[in-house]
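Trainee: Okay, handing you the structure first.
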Amino acid sequence: MLWLIVKKELLSNFANFRILTAFVVFVGLIMTSTLLSVTDYNARMEDYTTRTREHKRAFNDALSQEDIYHRAWGVVYNGLYYDLKPAELSTLCRGLEEKLPSSFRARNYSGGGRFRETGKPSRSLYENPLSILYPTPDFVYIISIIAALAALFFSFDSLCGERLEGALKLMLANPIPRHKVILAKWLGGYISLAVPYFVSCLGVIGVLMVSKIIGTSEEFLYRIIALVVIGGIYLGLFFSLGLLISSRVRTPSASLLWCLFVWLLLTILIPRLAPVIANAAMPLPEEPRLRYTKKDWYRSIRKIDDQREPRLAEMPEYTPEEEAILRRIESFNKMRASQAKFSLMLFRLSPSAIFTYIASELAGTSPTYYENVRSADEDFGNEYFRFTINRFAKMRSDVLTEADVAKDAWPEFRLSKISLGDTISAVLPEVLILVISNIAVFLGGFLSFIKMDVA
Amino acid sequence: MLITIIWKEILEKVLSLRFFIAVLMCIILLPGVILLRTAEYAKKADRVQKEAEANIDHIRNYPAERSYRIRGATLTLPLNILGIFSEGCDARDGTAVELVLWRDPNFQSKYSPNPFVELLPTFDFALFVGLMMSLLALVFSYDAISGELERGTLKLMLSGQLPRSTLLLAKWIGGLTVVTLPFLISFLISLLIVILYPGTQMTPGHWIAVLLVFFISLVYIAAIFSFGLFISCITSRAATSIALLLLFWVGLCWIIPNYGRWVVTQIIRLPTVTAIEREKSTARREAEQWGWKTYEKYAEEHPEEVKTGYSSVVYRSSMVKGDERFAEALDEIDANYQNLLNMQVGLGRVICKASPFAVYTDAVTEITGTGVRERARLLQAVRRYRHAFFDYAGQKFVEYYKKRWELMQKGIEERHEFYIGDFPIFSYQESRLRDKMKSSFLDILLLLVWNVVFFISAYASFLRRSIV
């Protein structure tokens with residue numbers, strides 16, 4: 001009996017072109033977006049390869065000189081570079097990667113904490129201004145906004161519509177328990193929504209594999225599958241929401257209005273207002289910075305130089321002023337972290353924001369990644385500054401050794417890798433919230449249908 | 001008769017649930033957002049003011065003429081108070097720009113202290129009207145005809161002496177009044193917030209711009225409303241009508257602008273930043289060598305000047321000439337890039353003309369000075385200032401050595417005081433309101449045309465429609 005109603009639901013969805021529309025929305029939009037993403041990614045990757053090659057060559061050329069002094073000067077003259085590799089899954093979720101520069105450069109007199117850009121920092125001379133006005137429609141964008149609306153479309157009239165037509169009354173006059181009816185309606189509607197969704201997801205995985213972006217790497221596959229499954233849960237939530245509203249409202253048009261309002265609130269208002277509200281509720285002071293000038297640099301070298309041999313091999317210590325600034329930076333960072341935490345808490349009010357957050361974590365373009373890059377960049381800059389001071393002091397006192405300028409002695413940009421396990425433990429609470437709210441909304445719809453007056 | 005129906009229309013809508021939601025959305029949301037944005041603006045404005053003054057002081061107190069030329073200047077881009085209403089792609093956001101002799105203007109972007117802010121786009125007045133008000137306009141118009149048809153009231157109404165045209169016009173006026181009423185109130189509250197908030201100053205030009213923005217918003221809302229009315233006239237059920245409208249809305253507001261501009265960036269490919277920077281560094285090396293060679297040639301031809309030491313002045317001036325050559329090369333590379341970028345942006349904007357949302361965004365950002373054109377203008381001004389600054393610095397640099405040479409001829413060895421207080425100061429003149437209006441004229445016209453077209457289509461289809 002259950003399957004009979006499921007089948008009836010599926011057929012009626014076929015009949016009023018809903019499945020067709022869903023196919024157009026999912027397959028059409030998602031596939032175009034993925035294809036565009038792939039070409040975009042390939043271009044970025046090509047740029048990345050040339051850049052790294054050039055930077056590596058310059059570094060090696062400088063180090064291949066005879067004299068060690070020339071070697072040291074050569075590297076310092078060029079500066080040290082680090083190029084950020086485009087994240088493979090940024091093809092699905094561009095996330096915060098778009099807001100980061102593509103290359104970092106440590107130079108002898110710039111401290112950490114600001115972009116030493118050579119690539120593309122946000123809002124530079126090279127940017128297309130339309131990309132600021134209209135965000136990139138990647139996979140996550142389509143699912144979180146447009147597909148959510150499509151999911152509501154599938155269920156907004158499934159109960160109130162039939163009641164208006166009188167079909168519900170007839171159906172329930174037969175010996176069918178109500179819970180079976182609602183379950184069948186849920187299944188029927190969700191299947192007709194999920195089939196186009198999963199088909200297009202298969203297409204996406206296929207495109208990414210064929211274009212060799214994810215290759216046969218298992219980790220990426222797991223990440224994509226997790227993303228697809230969570231997307232399915234997310235769509236299920238909106239579908240259940242539509243069902244719940246449909247059982248509470250008298251006419252389909254009123255139901256659609258409510259759905260629209262809920263959609264607006266959950267996918268646009270809360271996510272976009274959350275950070276603004278967090279910023280107003282927990283304002284941050286002016287950011288303290290450890291900023292070095294060329295003058296400081298020379299001064300530090302002279303200072304060490306004056307002290308001569310004994311302390312030369314050590315790194316210069318922080319001065320009391322520097323330490324005070326470092327303490328202020330530390331407390332600022334704590335405030336920052338608590339503001340971010342608060343934003344995440346507000347994000348949890350909206351499934352759309354939760355989904356975007358989880359997706360960015362899975363794709364490796366998340367706020368966590370952003371923070372990692374930021375701290376790696378700051379460390380890179382500061383370490384390089386102190387490194388060069390030390391080496392120049394040694395040069396002046398003629399104690400520079402081969403090991404001091406060896407290839408692996410230079411500071412590195414240490415970007416910690418986020419493993420799949422880390423990602424999972426980071427997003428687990430959000431996934432749970434999504435699942436629990438899904439169940440809660442479904443139960444709400446279920447109960448309200450059981451109580452519903454079908455007359 | 002018209003007035004009676006308008007009045008009935010207004011009363012009917014005002015008492016409905018959707019009006020309550022609309023009022024709630026308008027009165028709470030818009031002023032709230034404006035308050036938050038105004039507070040942010042006031043905080044930033046204070047900082048930017050201080051920074052700009054500190055920059056000028058810094059240059060004034062430069063110790064030596066040489067570092068003045070090499071180290072260049074830092075300027076802080078001004079803020080735009082109308083950015084409170086629409087953020088657009090504003091470049092006037094208080095960013096510091098470093099001008100260094102051998103490089104492009106360097107925009108010092110900072111990391112955002114809270115990365116969640118960057119994860120999703122912001123929310124402002126333009127977005128509120130562009131998305132929320134357009135949805136409200138649809139919500140108030142979708143059942144204007146189809147709803148009454150369903151309930152059977154349309155038949156009753158038209159069985160009297162009422163002409164169809166009057167009914168449609170009354171629906172249009174009444175419905176639109178109901179939509180714009182909460183909007184007007186919330187707009188006035190928002191304005192009050194901006195005026196009363198400490199640290200904000202609006203000039204008469206800004207006032208006119210804000211009023212213009214309000215006018216454009218009304219035209220936009222009316223266009224969407226007319227569209228809703230049109231769809232309502234050609235469908236027979238309210239549910240179909242709203243479903244169809246939503247489909248169109250998603251297509252027009254979300255898909256066309258986002259996909260359109262993205263597709264264009266994939267079609268018209270720009271050279272990568274790496275390639276451009278490589279070109280620039282080649283130009284830099286060439287210019288440096290050219291300066292050196294010019295000097296060598298001069299020194300060979302005038303051996304007597306090498307003896308007197310005047311050649312050092314020539315050496316400096318040929319270096320400065322090298323700088324000028326480099327600046328020219330930089331301009332040429334930038335101009336080529338800019339041409340391509342302009343093509344990309346232009347084509348993207350043409351595609352976006354199919355979307356009322358994008359047309360509205362375009363018009364509003366133009367008027368508030370946060371649009372594509374103003375941004376390009378500002379970046380151009382920064383480039384021009386770079387020229388002016390280094391021209392001045394180079395000239396002073398040569399003058400300094402000339403004077404030093406003259407003093408040395410008289411036997412005075414020590415460094416002399418040198419006046420560099422009259423260096424050019426960066427100031428940005430926003431384009432005049434008339435120009436802004438001119439550039440957004442087409443967009444406003446387009447919105448008006450849509451109004452007329454959709455209303456006439458609604459009228460035509462309503463006249464022919466059978467009401468059984």
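Order determines the names: the first chain of the structure tokens is A, the second B, and so forth; residues in each chain are numbered 1 upward, and ligands are numbered 1 upward as they are shown.
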Could you list, as an MDAnalysis selection string, the residues of chain A having an atom within 7 Å of chain B when counting only C-alpha atoms?

Mentor: chainID A and resid 47 51 95:96 114:115 119 121:122 124 128:130 132:137 252:253 272:273 275 280 336 339:340 343 367 370

Trainee: Quick one: residues within 7 Å of segment 449-457 of chain B, only C-alpha atoms, excluding same-chain residues fewer than 6 positions away - as a ChimeraX atom specification?

Mentor: /B:222-223,226-227,230

Trainee: Do a neighbour search on Leu420 of chain A at 10 Å with only C-alpha atoms, toss out local chain neighbours closer than 2 positions, and write the hits as a list in words.

Mentor: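 So, after excluding close chain neighbours, the residues are Glu219, Phe220, Tyr222, Arg223, Glu361, Leu362, Gly364, Lys417, Ile418, Asp422, Thr423, Ile424, Ser425 and Ala426 of chain A.
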
Trainee: I'd like the neighbourhood of segment 49-58 of chain B as JSON, numbers by chain, where a residue qualifies if any of its atoms comes within 10 Å (using only C-alpha atoms), though same-chain residues fewer than 4 positions away should be ignored.

Mentor: {"B": [44, 45, 62, 63, 73, 74, 75, 76, 77, 78, 79, 94, 96, 421, 423, 424, 425, 426]}

Trainee: So that I can check the surroundings of Trp73 of chain A, please list as a list in words every protein, DNA and RNA residue that reaches within 12 Å of it, counting only C-alpha atoms and ignoring chain neighbours fewer than 6 positions away.

Mentor: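 With the cut-off at 12 Å, the set is Phe59, Asp61, Ala62, Leu63, Gln65, Asp67, Gly79, Leu80, Arg107, Asn108, Thr388, Arg391, Phe392, Met395 and Val405 of chain A.
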
Trainee: Pull N, CA, C and O atoms from the residues just selected and write them as an mmCIF file, in the first residue's frame.

Mentor:
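Written output follows (part_17.cif):
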data_model
loop_
_atom_site.group_PDB
_atom_site.id
_atom_site.type_symbol
_atom_site.label_atom_id
_atom_site.label_comp_id
_atom_site.auth_asym_id
_atom_site.auth_seq_id
_atom_site.Cartn_x
_atom_site.Cartn_y
_atom_site.Cartn_z
ATOM 1 N N PHE A 59 65.114 31.119 -6.772
ATOM 2 C CA PHE A 59 65.720 30.704 -5.499
ATOM 3 C C PHE A 59 66.951 29.842 -5.749
ATOM 4 O O PHE A 59 68.028 30.079 -5.197
ATOM 5 N N ASP A 61 68.715 29.607 -8.526
ATOM 6 C CA ASP A 61 69.768 30.374 -9.206
ATOM 7 C C ASP A 61 70.596 31.136 -8.188
ATOM 8 O O ASP A 61 71.826 31.171 -8.267
ATOM 9 N N ALA A 62 69.890 31.761 -7.249
ATOM 10 C CA ALA A 62 70.595 32.558 -6.249
ATOM 11 C C ALA A 62 71.512 31.666 -5.425
ATOM 12 O O ALA A 62 72.635 32.042 -5.101
ATOM 13 N N LEU A 63 71.044 30.465 -5.113
ATOM 14 C CA LEU A 63 71.833 29.592 -4.247
ATOM 15 C C LEU A 63 72.942 28.848 -5.002
ATOM 16 O O LEU A 63 73.776 28.210 -4.379
ATOM 17 N N GLN A 65 75.225 30.205 -6.746
ATOM 18 C CA GLN A 65 76.416 31.031 -6.948
ATOM 19 C C GLN A 65 77.565 30.519 -6.086
ATOM 20 O O GLN A 65 77.358 29.825 -5.097
ATOM 21 N N ASP A 67 80.061 32.215 -4.273
ATOM 22 C CA ASP A 67 80.319 32.838 -2.992
ATOM 23 C C ASP A 67 79.098 32.739 -2.077
ATOM 24 O O ASP A 67 77.974 32.996 -2.516
ATOM 25 N N GLY A 79 63.676 37.963 -2.362
ATOM 26 C CA GLY A 79 62.635 37.688 -1.377
ATOM 27 C C GLY A 79 62.269 36.220 -1.452
ATOM 28 O O GLY A 79 62.579 35.543 -2.437
ATOM 29 N N LEU A 80 61.641 35.727 -0.414
ATOM 30 C CA LEU A 80 61.217 34.320 -0.426
ATOM 31 C C LEU A 80 59.740 34.280 -0.805
ATOM 32 O O LEU A 80 58.950 35.064 -0.302
ATOM 33 N N ARG A 107 59.842 39.697 2.544
ATOM 34 C CA ARG A 107 60.950 40.573 2.147
ATOM 35 C C ARG A 107 61.661 41.028 3.400
ATOM 36 O O ARG A 107 61.163 40.879 4.504
ATOM 37 N N ASN A 108 62.828 41.628 3.188
ATOM 38 C CA ASN A 108 63.669 41.836 4.358
ATOM 39 C C ASN A 108 63.113 42.811 5.365
ATOM 40 O O ASN A 108 63.467 42.777 6.506
ATOM 41 N N THR A 388 66.871 36.951 8.607
ATOM 42 C CA THR A 388 67.792 37.795 7.832
ATOM 43 C C THR A 388 68.640 38.663 8.758
ATOM 44 O O THR A 388 69.806 38.881 8.486
ATOM 45 N N ARG A 391 71.426 36.449 9.905
ATOM 46 C CA ARG A 391 72.422 36.128 8.878
ATOM 47 C C ARG A 391 73.253 37.354 8.502
ATOM 48 O O ARG A 391 74.432 37.240 8.214
ATOM 49 N N PHE A 392 72.619 38.513 8.496
ATOM 50 C CA PHE A 392 73.390 39.705 8.132
ATOM 51 C C PHE A 392 74.394 40.068 9.207
ATOM 52 O O PHE A 392 75.493 40.521 8.917
ATOM 53 N N MET A 395 77.173 37.896 8.571
ATOM 54 C CA MET A 395 77.940 38.319 7.410
ATOM 55 C C MET A 395 78.890 39.443 7.783
ATOM 56 O O MET A 395 80.040 39.465 7.383
ATOM 57 N N VAL A 405 73.286 29.259 4.949
ATOM 58 C CA VAL A 405 72.506 29.639 3.769
ATOM 59 C C VAL A 405 72.120 28.420 2.942
ATOM 60 O O VAL A 405 71.761 28.534 1.786
#

Trainee: Once DSSP has gone over the backbone, tell me which residues of segment 10-214 of chain B are in alpha helix (DSSP H), as a PyMOL selection string.

Mentor: chain B and resi 10-14+17-24+30-60+65-71+115-119+125-127+134-141+146-151+153-158+164-196+204-214

Trainee: To one decimal place, how far is atom CA of Val38 of chain A from atom CA of Thr91 of chain A in Å?

Mentor: 6.2 Å

Trainee: Skip Lys293 of chain B itself and residues of its chain fewer than 5 positions away, then list as a PyMOL selection string all residues within 9 Å of it, counting only C-alpha atoms.

Mentor: chain B and resi 288+298+318

Trainee: Generate the output file for the selected residues, C-alpha atoms, as a PDB file, in the first residue's frame.

Mentor:
ATOM      1  CA  GLU B 288      66.895  50.905 -15.660  1.00  0.00           C
ATOM      2  CA  TYR B 298      76.605  61.339 -22.247  1.00  0.00           C
ATOM      3  CA  SER B 318      68.982  60.152 -16.676  1.00  0.00           C
TER       4      SER B 318
END

Trainee: To one decimal place, how far is atom CA of Arg69 of chain B from atom CA of Tyr77 of chain A in Å?

Mentor: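 Atom-to-atom, atom CA of Arg69 of chain B to atom CA of Tyr77 of chain A, that is 19.7 Å.
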
Trainee: Please determine, counting only C-alpha atoms, which residue among B:Leu347, B:Ile6, B:Leu168, B:Val219 has the shortest atom-to-atom distance to Val364 of chain B.

Mentor: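 Ranking B:Leu347, B:Ile6, B:Leu168, B:Val219 by distance to Val364 of chain B, first place goes to B:Val219.
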
Trainee: I'd like the contact shell of Phe14 of chain A - 12 Å cut-off, only C-alpha atoms, skipping same-chain residues fewer than 4 positions apart - returned as a PyMOL selection string.

Mentor: chain A and resi 7-10+18-23+154+188-189+191-193

Trainee: Those selected residues, please, written with N, CA, C and O atoms and delivered as an mmCIF file, in the first residue's frame.

Mentor:
data_model
loop_
_atom_site.group_PDB
_atom_site.id
_atom_site.type_symbol
_atom_site.label_atom_id
_atom_site.label_comp_id
_atom_site.auth_asym_id
_atom_site.auth_seq_id
_atom_site.Cartn_x
_atom_site.Cartn_y
_atom_site.Cartn_z
ATOM 1 N N LYS A 7 4.208 5.538 -5.500
ATOM 2 C CA LYS A 7 4.187 5.519 -6.964
ATOM 3 C C LYS A 7 3.247 6.601 -7.510
ATOM 4 O O LYS A 7 3.568 7.310 -8.464
ATOM 5 N N LYS A 8 2.125 6.734 -6.845
ATOM 6 C CA LYS A 8 1.157 7.753 -7.264
ATOM 7 C C LYS A 8 1.779 9.146 -7.166
ATOM 8 O O LYS A 8 1.643 9.987 -8.066
ATOM 9 N N GLU A 9 2.495 9.377 -6.068
ATOM 10 C CA GLU A 9 3.160 10.666 -5.877
ATOM 11 C C GLU A 9 4.158 10.938 -6.994
ATOM 12 O O GLU A 9 4.199 12.027 -7.578
ATOM 13 N N LEU A 10 4.965 9.903 -7.273
ATOM 14 C CA LEU A 10 5.986 10.045 -8.313
ATOM 15 C C LEU A 10 5.339 10.378 -9.645
ATOM 16 O O LEU A 10 5.775 11.270 -10.365
ATOM 17 N N ARG A 18 7.165 18.589 -12.565
ATOM 18 C CA ARG A 18 8.085 18.973 -11.498
ATOM 19 C C ARG A 18 9.427 18.304 -11.657
ATOM 20 O O ARG A 18 10.457 18.921 -11.462
ATOM 21 N N ILE A 19 9.381 17.017 -11.988
ATOM 22 C CA ILE A 19 10.643 16.293 -12.112
ATOM 23 C C ILE A 19 11.460 16.882 -13.256
ATOM 24 O O ILE A 19 12.666 17.051 -13.147
ATOM 25 N N LEU A 20 10.732 17.260 -14.304
ATOM 26 C CA LEU A 20 11.423 17.860 -15.453
ATOM 27 C C LEU A 20 12.125 19.145 -15.027
ATOM 28 O O LEU A 20 13.307 19.361 -15.316
ATOM 29 N N THR A 21 11.385 19.990 -14.297
ATOM 30 C CA THR A 21 11.969 21.239 -13.816
ATOM 31 C C THR A 21 13.184 20.949 -12.942
ATOM 32 O O THR A 21 14.222 21.597 -13.050
ATOM 33 N N ALA A 22 13.035 19.936 -12.067
ATOM 34 C CA ALA A 22 14.138 19.615 -11.171
ATOM 35 C C ALA A 22 15.356 19.181 -11.968
ATOM 36 O O ALA A 22 16.480 19.569 -11.653
ATOM 37 N N PHE A 23 15.110 18.380 -13.010
ATOM 38 C CA PHE A 23 16.235 17.962 -13.840
ATOM 39 C C PHE A 23 16.916 19.160 -14.476
ATOM 40 O O PHE A 23 18.138 19.241 -14.528
ATOM 41 N N PHE A 154 8.633 21.220 -4.230
ATOM 42 C CA PHE A 154 8.144 19.867 -4.356
ATOM 43 C C PHE A 154 7.091 19.527 -3.316
ATOM 44 O O PHE A 154 6.323 18.606 -3.487
ATOM 45 N N GLY A 188 7.748 9.691 -1.742
ATOM 46 C CA GLY A 188 7.469 9.959 -3.156
ATOM 47 C C GLY A 188 8.041 11.282 -3.591
ATOM 48 O O GLY A 188 8.739 11.389 -4.610
ATOM 49 N N GLY A 189 7.776 12.308 -2.778
ATOM 50 C CA GLY A 189 8.271 13.637 -3.128
ATOM 51 C C GLY A 189 9.783 13.693 -3.073
ATOM 52 O O GLY A 189 10.433 14.217 -3.979
ATOM 53 N N ILE A 191 11.968 11.286 -3.328
ATOM 54 C CA ILE A 191 12.641 10.529 -4.397
ATOM 55 C C ILE A 191 12.646 11.339 -5.683
ATOM 56 O O ILE A 191 13.667 11.448 -6.363
ATOM 57 N N SER A 192 11.498 11.972 -5.990
ATOM 58 C CA SER A 192 11.487 12.712 -7.263
ATOM 59 C C SER A 192 12.394 13.927 -7.192
ATOM 60 O O SER A 192 12.818 14.468 -8.205
ATOM 61 N N LEU A 193 12.713 14.377 -5.980
ATOM 62 C CA LEU A 193 13.668 15.482 -5.834
ATOM 63 C C LEU A 193 15.092 14.959 -5.860
ATOM 64 O O LEU A 193 15.995 15.548 -6.471
#

Trainee: Among segment 75-260 of chain A, which residues carry a DSSP assignment of strand (DSSP E or B), reported as a list of chain:residue names?

Mentor: A:Leu80, A:Tyr81, A:Tyr82, A:Asp83, A:Ser103, A:Phe104, A:Arg105, A:Ala106, A:Glu117

Trainee: Take atom CA of Ala403 of chain A and atom CA of Tyr82 of chain A and report the distance between them in Å, one decimal.

Mentor: 21.9 Å

Trainee: May I ask which of the residues B:Ser134, B:Gln395, B:Ser141, B:Ser427 is the closest one to Val313 of chain B, counting only C-alpha atoms?

Mentor: B:Gln395
